[in-house]
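S.K.: For reference, this is model12.cif, and it has mmCIF, C-alpha atoms.
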```cif
data_structure
loop_
_atom_site.label_atom_id
_atom_site.label_comp_id
_atom_site.auth_asym_id
_atom_site.auth_seq_id
_atom_site.Cartn_x
_atom_site.Cartn_y
_atom_site.Cartn_z
CA MET A 18 99.55 -10.95 53.78
CA GLY A 19 100.73 -14.28 54.89
CA GLU A 20 104.10 -13.21 55.54
CA ALA A 21 104.69 -11.90 58.27
CA PRO A 22 106.00 -14.48 61.05
CA THR A 23 109.71 -14.57 59.88
CA TRP A 24 110.74 -10.99 60.25
CA ALA A 25 113.58 -10.53 62.67
CA THR A 26 112.62 -8.56 65.76
CA ARG A 27 114.65 -7.18 68.64
CA ARG A 28 113.18 -6.90 72.07
CA LEU A 29 112.92 -3.42 73.48
CA SER A 30 112.19 -4.50 77.02
CA ASN A 31 114.53 -6.03 79.52
CA PRO A 32 114.29 -9.85 79.30
CA ASN A 33 114.57 -10.02 83.06
CA PRO A 34 111.09 -11.03 84.30
CA THR A 35 111.39 -8.60 87.19
CA SER A 36 111.74 -5.65 84.84
CA SER A 37 109.31 -2.79 85.34
CA ASP A 38 108.43 -3.10 81.65
CA HIS A 39 106.63 -6.33 82.49
CA ILE A 40 105.51 -6.09 86.10
CA LEU A 41 104.17 -2.95 87.73
CA ASP A 42 103.19 -2.17 91.33
CA PHE A 43 103.39 -5.72 92.63
CA GLN A 44 103.70 -4.65 96.21
CA THR A 45 100.83 -2.18 96.16
CA ALA A 46 98.33 -3.91 93.94
CA GLY A 47 98.54 -7.43 95.36
CA HIS A 48 97.25 -10.45 93.45
CA ALA A 49 95.34 -8.39 90.86
CA ALA A 50 98.59 -6.82 89.67
CA VAL A 51 100.26 -10.23 89.48
CA ARG A 52 97.50 -11.51 87.23
CA SER A 53 97.43 -8.43 84.99
CA PRO A 54 100.64 -9.14 82.97
CA ALA A 55 99.53 -12.72 82.39
CA ILE A 56 96.14 -11.57 81.14
CA SER A 57 97.75 -8.96 78.88
CA THR A 58 100.14 -11.53 77.44
CA ALA A 59 97.31 -14.00 76.83
CA LEU A 60 95.31 -11.32 75.00
CA ILE A 61 98.35 -10.41 72.88
CA VAL A 62 98.94 -14.06 71.95
CA LEU A 63 95.24 -14.44 71.10
CA SER A 64 95.44 -11.30 68.93
CA TRP A 65 98.51 -12.74 67.21
CA TYR A 66 96.64 -15.93 66.35
CA LEU A 67 93.54 -14.06 65.16
CA SER A 68 95.49 -11.67 62.94
CA ASN A 69 97.82 -14.32 61.43
CA ILE A 70 95.05 -16.79 60.69
CA GLY A 71 92.60 -14.03 59.78
CA VAL A 72 94.78 -12.57 57.03
CA LEU A 73 95.28 -16.02 55.55
CA LEU A 74 91.56 -16.77 55.49
CA LEU A 75 90.66 -13.32 54.13
CA ASN A 76 93.27 -13.62 51.37
CA LYS A 77 91.94 -17.06 50.46
CA TYR A 78 88.33 -15.87 50.45
CA LEU A 79 89.08 -12.82 48.31
CA LEU A 80 91.33 -14.57 45.80
CA SER A 81 89.56 -17.91 45.46
CA PHE A 82 85.91 -17.54 46.49
CA TYR A 83 84.97 -13.88 46.09
CA GLY A 84 86.54 -13.64 42.65
CA PHE A 85 89.02 -10.82 43.33
CA ARG A 86 91.82 -12.34 41.27
CA PHE A 87 94.48 -9.65 41.68
CA PRO A 88 97.11 -10.91 44.17
CA ILE A 89 99.71 -8.28 43.21
CA PHE A 90 97.26 -5.41 43.71
CA LEU A 91 96.11 -6.97 46.98
CA THR A 92 99.72 -7.16 48.18
CA MET A 93 100.23 -3.50 47.22
CA LEU A 94 97.20 -2.58 49.36
CA HIS A 95 98.79 -4.48 52.23
CA MET A 96 101.99 -2.44 51.79
CA LEU A 97 100.10 0.86 51.66
CA SER A 98 98.24 -0.12 54.81
CA CYS A 99 101.47 -1.06 56.59
CA SER A 100 102.98 2.29 55.53
CA PHE A 101 100.05 4.28 56.91
CA TYR A 102 99.70 2.40 60.19
CA SER A 103 103.47 2.27 60.74
CA TYR A 104 103.82 6.04 60.48
CA LEU A 105 100.78 6.51 62.70
CA SER A 106 101.93 4.07 65.38
CA ILE A 107 105.59 5.17 65.48
CA LEU A 108 105.51 8.90 64.80
CA PHE A 109 102.27 9.71 66.65
CA LEU A 110 101.52 6.86 69.08
CA LYS A 111 105.26 6.28 69.67
CA ILE A 112 105.00 2.52 70.29
CA VAL A 113 108.75 2.38 69.61
CA PRO A 114 111.37 5.13 69.24
CA ALA A 115 111.53 6.45 65.68
CA GLN A 116 114.70 5.69 63.72
CA GLN A 117 115.89 7.25 60.48
CA ILE A 118 117.81 5.97 57.45
CA GLN A 119 121.38 7.12 57.99
CA SER A 120 122.94 6.76 54.56
CA ARG A 121 122.36 6.04 50.88
CA ARG A 122 124.04 2.67 51.43
CA GLN A 123 121.52 1.76 54.13
CA PHE A 124 118.67 2.94 51.88
CA LEU A 125 119.81 0.64 49.08
CA LYS A 126 120.06 -2.30 51.49
CA ILE A 127 116.49 -1.74 52.66
CA LEU A 128 115.37 -1.40 49.04
CA ALA A 129 116.95 -4.78 48.24
CA LEU A 130 115.14 -6.34 51.19
CA SER A 131 111.89 -4.75 49.99
CA ALA A 132 112.28 -6.37 46.57
CA ILE A 133 112.80 -9.82 48.13
CA PHE A 134 109.87 -9.17 50.47
CA CYS A 135 107.64 -8.23 47.51
CA PHE A 136 108.52 -11.44 45.70
CA SER A 137 107.78 -13.56 48.76
CA VAL A 138 104.44 -11.97 49.65
CA VAL A 139 103.15 -11.82 46.07
CA CYS A 140 104.02 -15.48 45.55
CA GLY A 141 102.35 -16.39 48.82
CA ASN A 142 99.15 -14.54 47.97
CA THR A 143 99.14 -15.92 44.43
CA SER A 144 99.45 -19.48 45.74
CA LEU A 145 96.23 -19.01 47.72
CA ARG A 146 94.35 -18.70 44.43
CA TYR A 147 95.27 -22.26 43.58
CA LEU A 148 95.99 -24.13 46.83
CA PRO A 149 94.03 -24.80 50.02
CA VAL A 150 95.25 -22.90 53.08
CA SER A 151 96.12 -26.22 54.75
CA PHE A 152 98.54 -27.19 51.96
CA ASN A 153 99.86 -23.63 51.76
CA GLN A 154 100.74 -23.80 55.45
CA ALA A 155 102.37 -27.21 55.06
CA ILE A 156 104.71 -25.80 52.41
CA GLY A 157 105.33 -22.66 54.48
CA ALA A 158 106.47 -24.82 57.39
CA THR A 159 109.54 -25.80 55.35
CA THR A 160 111.05 -22.30 55.79
CA PRO A 161 113.88 -23.60 58.08
CA PHE A 162 114.98 -25.95 55.28
CA PHE A 163 115.45 -23.05 52.85
CA THR A 164 117.01 -20.86 55.55
CA ALA A 165 119.67 -23.51 56.20
CA ILE A 166 120.38 -23.79 52.46
CA PHE A 167 120.69 -20.03 51.91
CA ALA A 168 122.78 -19.57 55.05
CA PHE A 169 125.21 -22.19 53.72
CA LEU A 170 125.28 -20.85 50.14
CA ILE A 171 125.52 -17.15 51.00
CA THR A 172 127.47 -17.06 54.25
CA CYS A 173 129.13 -20.51 54.09
CA LYS A 174 127.74 -21.11 57.58
CA ARG A 175 127.88 -24.80 58.41
CA GLU A 176 125.61 -26.39 60.99
CA PRO A 177 126.36 -29.63 62.88
CA ALA A 178 125.28 -32.77 61.06
CA GLY A 179 122.47 -33.33 63.57
CA VAL A 180 120.83 -30.05 62.55
CA TYR A 181 120.80 -31.03 58.88
CA PHE A 182 119.48 -34.50 59.70
CA ALA A 183 116.65 -32.82 61.62
CA LEU A 184 115.53 -31.22 58.35
CA LEU A 185 114.89 -34.59 56.70
CA PRO A 186 111.41 -35.00 58.27
CA VAL A 187 110.54 -31.48 57.08
CA VAL A 188 111.27 -32.44 53.47
CA PHE A 189 109.79 -35.93 53.74
CA GLY A 190 106.56 -34.57 55.22
CA ILE A 191 105.98 -32.06 52.42
CA VAL A 192 106.71 -34.72 49.77
CA LEU A 193 104.14 -36.97 51.45
CA ALA A 194 101.60 -34.15 51.70
CA SER A 195 102.13 -33.12 48.05
CA ASN A 196 101.59 -36.63 46.74
CA SER A 197 98.39 -36.94 48.76
CA GLU A 198 96.89 -33.45 48.21
CA PRO A 199 93.49 -33.78 46.40
CA LEU A 200 93.61 -30.15 45.19
CA PHE A 201 97.27 -30.14 44.15
CA HIS A 202 98.03 -27.47 41.54
CA PHE A 203 101.52 -27.43 40.06
CA PHE A 204 101.77 -23.67 39.46
CA GLY A 205 100.30 -22.95 42.89
CA PHE A 206 102.85 -25.32 44.40
CA LEU A 207 105.74 -23.61 42.59
CA VAL A 208 104.79 -20.08 43.67
CA CYS A 209 104.20 -21.25 47.24
CA VAL A 210 107.66 -22.82 47.32
CA GLY A 211 108.97 -19.55 45.84
CA SER A 212 107.26 -17.60 48.63
CA THR A 213 108.75 -19.85 51.30
CA ALA A 214 112.23 -19.63 49.76
CA GLY A 215 111.88 -15.85 49.44
CA ARG A 216 110.94 -15.55 53.10
CA ALA A 217 114.02 -17.57 54.09
CA LEU A 218 116.26 -15.58 51.74
CA LYS A 219 115.06 -12.30 53.23
CA SER A 220 115.86 -13.42 56.78
CA VAL A 221 119.39 -14.46 55.76
CA VAL A 222 120.06 -11.34 53.67
CA GLN A 223 118.67 -9.11 56.42
CA GLY A 224 121.10 -10.66 58.88
CA ILE A 225 123.95 -9.80 56.52
CA LEU A 226 122.93 -6.32 55.35
CA LEU A 227 121.73 -4.72 58.56
CA THR A 228 124.29 -5.94 61.10
CA ALA A 229 126.51 -2.85 61.30
CA GLU A 230 125.90 -1.03 64.58
CA GLY A 231 124.72 2.17 62.88
CA GLU A 232 122.40 0.30 60.51
CA LYS A 233 120.44 -1.91 62.90
CA LEU A 234 116.72 -1.16 62.78
CA HIS A 235 113.88 -2.21 65.03
CA SER A 236 111.42 -4.45 63.19
CA MET A 237 108.64 -1.84 63.31
CA ASN A 238 110.91 0.88 61.90
CA LEU A 239 112.13 -1.53 59.24
CA LEU A 240 108.50 -2.13 58.26
CA ARG A 241 107.93 1.65 58.14
CA PHE A 242 110.70 1.99 55.55
CA MET A 243 110.14 -1.24 53.62
CA ALA A 244 106.36 -0.97 53.14
CA PRO A 245 106.32 2.23 51.00
CA MET A 246 109.30 0.96 48.99
CA ALA A 247 107.47 -2.32 48.38
CA ALA A 248 104.31 -0.46 47.32
CA GLY A 249 106.38 1.58 44.86
CA ILE A 250 107.90 -1.61 43.42
CA LEU A 251 104.50 -3.30 43.09
CA LEU A 252 102.63 -0.40 41.46
CA PRO A 253 104.13 -0.73 37.94
CA VAL A 254 104.05 -4.53 38.24
CA THR A 255 100.33 -4.66 39.02
CA LEU A 256 99.55 -2.18 36.23
CA TYR A 257 101.54 -4.24 33.72
CA VAL A 258 100.40 -7.72 34.81
CA GLU A 259 96.88 -7.10 36.09
CA GLY A 260 95.84 -4.13 33.94
CA ASN A 261 93.72 -1.22 35.14
CA VAL A 262 92.89 -3.00 38.37
CA ALA A 263 91.87 0.21 40.18
CA ALA A 264 89.08 0.81 37.65
CA ILE A 265 88.01 -2.84 37.87
CA THR A 266 87.91 -2.62 41.68
CA ALA A 267 85.87 0.60 41.51
CA GLU A 268 83.39 -1.10 39.17
CA LYS A 269 83.13 -4.06 41.55
CA ALA A 270 82.56 -1.65 44.45
CA ARG A 271 79.62 -0.03 42.62
CA GLU A 272 78.07 -3.45 42.17
CA ASP A 273 78.92 -4.68 45.67
CA PRO A 274 80.17 -2.13 48.26
CA TRP A 275 81.03 -5.05 50.56
CA ILE A 276 84.31 -5.47 48.69
CA LEU A 277 85.57 -2.15 50.07
CA PHE A 278 85.05 -3.40 53.62
CA LEU A 279 86.82 -6.67 52.74
CA LEU A 280 89.82 -4.91 51.19
CA VAL A 281 90.22 -2.33 53.97
CA GLY A 282 89.75 -4.98 56.65
CA ASN A 283 92.18 -7.33 54.93
CA ALA A 284 94.83 -4.62 54.61
CA THR A 285 94.38 -3.58 58.26
CA VAL A 286 94.76 -7.17 59.48
CA ALA A 287 97.93 -7.45 57.37
CA TYR A 288 99.45 -4.67 59.47
CA LEU A 289 98.19 -6.23 62.70
CA VAL A 290 100.20 -9.37 61.85
CA ASN A 291 103.40 -7.32 62.06
CA LEU A 292 102.28 -5.39 65.14
CA THR A 293 101.35 -8.52 67.09
CA ASN A 294 104.63 -10.20 66.04
CA PHE A 295 106.43 -7.33 67.76
CA LEU A 296 104.16 -7.37 70.83
CA VAL A 297 104.46 -11.13 71.35
CA THR A 298 108.26 -10.89 71.18
CA LYS A 299 108.30 -7.91 73.53
CA HIS A 300 106.07 -9.50 76.17
CA THR A 301 107.45 -13.05 75.87
CA SER A 302 110.49 -13.95 73.73
CA ALA A 303 111.58 -14.68 70.18
CA LEU A 304 111.55 -18.39 71.07
CA THR A 305 107.89 -18.15 72.11
CA LEU A 306 107.09 -16.52 68.77
CA GLN A 307 108.81 -19.40 66.98
CA VAL A 308 106.82 -21.98 68.97
CA LEU A 309 103.58 -20.12 68.30
CA GLY A 310 104.47 -20.04 64.60
CA ASN A 311 104.82 -23.82 64.53
CA ALA A 312 101.44 -24.25 66.21
CA LYS A 313 99.83 -21.58 64.02
CA ALA A 314 100.38 -23.59 60.85
CA ALA A 315 98.40 -26.50 62.29
CA VAL A 316 95.65 -24.28 63.72
CA ALA A 317 95.29 -22.36 60.44
CA ALA A 318 95.06 -25.62 58.50
CA VAL A 319 92.31 -26.99 60.74
CA VAL A 320 90.32 -23.73 60.75
CA SER A 321 90.54 -23.40 56.96
CA ILE A 322 89.33 -26.97 56.46
CA LEU A 323 86.34 -26.30 58.74
CA ILE A 324 85.48 -23.05 56.93
CA PHE A 325 86.24 -23.82 53.27
CA ARG A 326 85.51 -27.57 53.44
CA ASN A 327 88.43 -28.47 51.18
CA PRO A 328 88.96 -32.24 50.94
CA VAL A 329 91.84 -33.77 52.87
CA THR A 330 93.37 -37.23 53.04
CA VAL A 331 94.84 -39.14 55.94
CA MET A 332 98.21 -39.27 54.17
CA GLY A 333 98.08 -35.55 53.50
CA MET A 334 97.45 -34.72 57.15
CA ALA A 335 100.15 -37.21 58.16
CA GLY A 336 102.61 -35.45 55.85
CA PHE A 337 101.70 -32.08 57.31
CA SER A 338 102.15 -33.45 60.84
CA VAL A 339 105.56 -34.91 59.96
CA THR A 340 106.65 -31.54 58.54
CA VAL A 341 105.55 -29.61 61.64
CA MET A 342 107.22 -32.14 63.93
CA GLY A 343 110.36 -31.89 61.79
CA VAL A 344 110.38 -28.12 62.33
CA VAL A 345 110.10 -28.64 66.09
CA ILE A 346 112.95 -31.18 66.05
CA TYR A 347 115.04 -28.80 63.93
CA GLY A 348 114.48 -25.99 66.45
CA GLU A 349 115.60 -28.22 69.30
CA ALA A 350 118.66 -29.35 67.33
CA LYS A 351 119.59 -25.72 66.62
CA LYS A 352 119.21 -24.85 70.29
CA ARG A 353 121.40 -27.74 71.38
CA SER A 354 124.06 -26.84 68.78
CA LYS A 355 124.23 -23.26 70.12
CA ILE A 356 124.59 -24.50 73.70
CA THR A 357 127.38 -26.86 72.60
CA THR A 358 129.12 -24.08 70.67
CA HIS A 359 129.05 -21.71 73.64
#
```
Go ahead and express the file in the form of C-alpha cells.
M.R.:
Amino acid sequence: MGEAPTWATRRLSNPNPTSSDHILDFQTAGHAAVRSPAISTALIVLSWYLSNIGVLLLNKYLLSFYGFRFPIFLTMLHMLSCSFYSYLSILFLKIVPAQQIQSRRQFLKILALSAIFCFSVVCGNTSLRYLPVSFNQAIGATTPFFTAIFAFLITCKREPAGVYFALLPVVFGIVLASNSEPLFHFFGFLVCVGSTAGRALKSVVQGILLTAEGEKLHSMNLLRFMAPMAAGILLPVTLYVEGNVAAITAEKAREDPWILFLLVGNATVAYLVNLTNFLVTKHTSALTLQVLGNAKAAVAAVVSILIFRNPVTVMGMAGFSVTVMGVVIYGEAKKRSKITTH
C-alpha cells in the first residue's frame, strides 16, 4: 500500500523536548539514558523507511514480476490487515487511547473518506503494474500541487503568490521526467496521477469533515474505522472487476505456497507504514515526517532501480530531482507564509 505518508496525524506527546514522554531518568541513568531516546528515534525512522519502501517494492514485485495481477484484491488485503492490526494494537496493546464514532453523521464522513482512500490506493497499486517505482514516486511527489488546487477549489483558500510559484518546479520536473521515461505507459501514468490527486483530495476533505471538536480522531483510530469500511467497499469491486480472485489465489497457493508468505508479509508491511508514520510524528514532529517523505521518494527510486534494473535516462533523473527540489521549496514557502500570517 503505497499510501500511507499523507494521512494527518496529531501528536499525543508533549512537543516540549523535556517532556517525560521523550526523556526518562536523565539524572539517575547518566549518559546511557541520554543516548537511549536518540537510539529509539533512529530505529523508528529506520523502520519507517524500511516499511514505506518495502511495501512499494513488494507491491511492484507481486503485480509486475510475480504475476499476481489483482491490484484491487491486493488493496483489500491491505485493508483487512490494517483492520486486524489496528484493533489489536489499540484495543489490546493500547498504543493510543481508543475512540468511538459518536454519531451517524461522523460515520458517514468517515465512510466518504474511506471511498476516496480506496480510489487513491487502488490507483496507486494499479500504476505499479505498468510503471517503474522510480517514475511512480516522481509522480507521487507532486501531491502538494494537487493539495493546493483542491484547497483552493473546495475551501477557496488562497495562498501567497510565492507559494504557487514554488509549485512550478514540481510540475516542470514531472513533465521533464514523463517525456524522458523509457517505460512510460499512458494508462499507468493516468492512474498514478489519479492516485496522487486522490491522496491530496483526502487530506483536504479530512481537514474539512473532521474538524469539529467532538469529531476529531487520532490517526490510528481513524485507520481502525476506515480500514474495514474500505475493505467492504472493495469486496464487490474486486469480485466484479477481477472475478473469483480468491479461488485463483488458492490455486496459485497450491502450485506455489510462497505466494501466501508474500501476501501476508505485504499486508503486514502495509499496516506498519501507518504505525511508523504515527511513531515518527510522536517521537519527532510532523515537519520531520514531511522531510523524511521528500527524501523517501528519492531513496525508493534508487533502491528500485538497483533491484529491478529498470532503465533510466539522465533527463528522467533530472526531472525527478527538479520535482523533489520543488517540493522542498514549496514546503519552505508554506512555512514562511505561515510565519508572515501570524
S.K.: What is the CA of Phe278 (chain A) to CA of Tyr102 (chain A) distance in Å?
M.R.: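 Rounded to one decimal, the two atoms are 17.1 Å apart.
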S.K.: Give me, please, the distance in Å between CA of Asn142 (chain A) and CA of Cys209 (chain A), quoted to one decimal.
M.R.: 8.4 Å
S.K.: Which is closer to Ile166 (chain A) than all the others in A:Ala214, A:Leu185, A:Gly260, A:Met334, using only C-alpha atoms?
M.R.: A:Ala214
S.K.: Could you jot down the CA of Phe162 (chain A) to CA of Tyr181 (chain A) separation for me, Å, one decimal place?
M.R.: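 Those two atoms sit 8.5 Å apart.
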S.K.: Write out as a PDB file with C-alpha atoms, in the frame of the given file each polymer residue whose atoms come within 9 Å of Val320 (chain A), counting only C-alpha atoms; drop sequence neighbours fewer than 4 positions from it.
M.R.:
```pdb
ATOM      1  CA  ILE A  70      95.050 -16.790  60.690  1.00  0.00           C
ATOM      2  CA  LEU A  74      91.560 -16.770  55.490  1.00  0.00           C
ATOM      3  CA  SER A 151      96.120 -26.220  54.750  1.00  0.00           C
ATOM      4  CA  ALA A 315      98.400 -26.500  62.290  1.00  0.00           C
ATOM      5  CA  VAL A 316      95.650 -24.280  63.720  1.00  0.00           C
ATOM      6  CA  ILE A 324      85.480 -23.050  56.930  1.00  0.00           C
ATOM      7  CA  PHE A 325      86.240 -23.820  53.270  1.00  0.00           C
TER       8      PHE A 325
END
```
S.K.: Which residue is closest to Tyr257 (chain A)? Choose from A:Phe87, A:Phe242, A:Phe189, A:Phe206 and count only C-alpha atoms.
M.R.: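 Checking each of A:Phe87, A:Phe242, A:Phe189, A:Phe206 against Tyr257 (chain A), counting only C-alpha atoms, the winner is A:Phe87.
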S.K.: Choose the residue, out of A:Leu239, A:Val297, A:Leu170, A:Ala194, that has the smallest atom-to-atom separation from Ala115 (chain A); count all atoms listed in the file.
M.R.: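 So, comparing all the options, the nearest one is A:Leu239.
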S.K.: I'd like to know which of A:Ala270, A:Met243, A:Val344, A:Val72 is closest to Gln307 (chain A), using all atoms listed in the file.
M.R.: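 So, comparing all the options, the nearest one is A:Val344.
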S.K.: What's the 10 Å shell around Ala248 (chain A), counting all atoms listed in the file, without same-chain residues fewer than 6 positions away, as a ChimeraX atom specification?
M.R.: /A:89-90,92-100,131-132,135,254
S.K.: Step by step, work through what the PyMOL selection byres ((chain A and resi 134) around 8) selects in the shown file, and finish by giving those residues as a list of chain:residue names.
M.R.: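 Those residues are A:Leu130, A:Ser131, A:Ala132, A:Ile133, A:Cys135, A:Phe136, A:Ser137, A:Val138, A:Gly215, A:Arg216, A:Lys219, A:Ala247.
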S.K.: For a quick check of understanding, using all atoms listed in the file, which of A:Leu200, A:Ile356, A:Ile191, A:Ala217 has the smallest distance to Pro161 (chain A)?
M.R.: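 Between A:Leu200, A:Ile356, A:Ile191, A:Ala217, the residue approaching Pro161 (chain A) most closely is A:Ala217.
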S.K.: Give as a ChimeraX atom specification each residue that has an atom at most 12 Å from (103.7, -35.3, 48.9) in the file, counting all atoms listed in the file.
M.R.: /A:152,155-156,187-201,206,330-337,339-340
S.K.: Just give me the residues with any atom within 9 Å of (99.3, -9.1, 55.6), file coordinates, counting all atoms listed in the file, written as a VMD selection string.
M.R.: chain A and resid 18 to 21 68 to 69 72 to 73 76 92 95 to 96 99 138 283 to 291
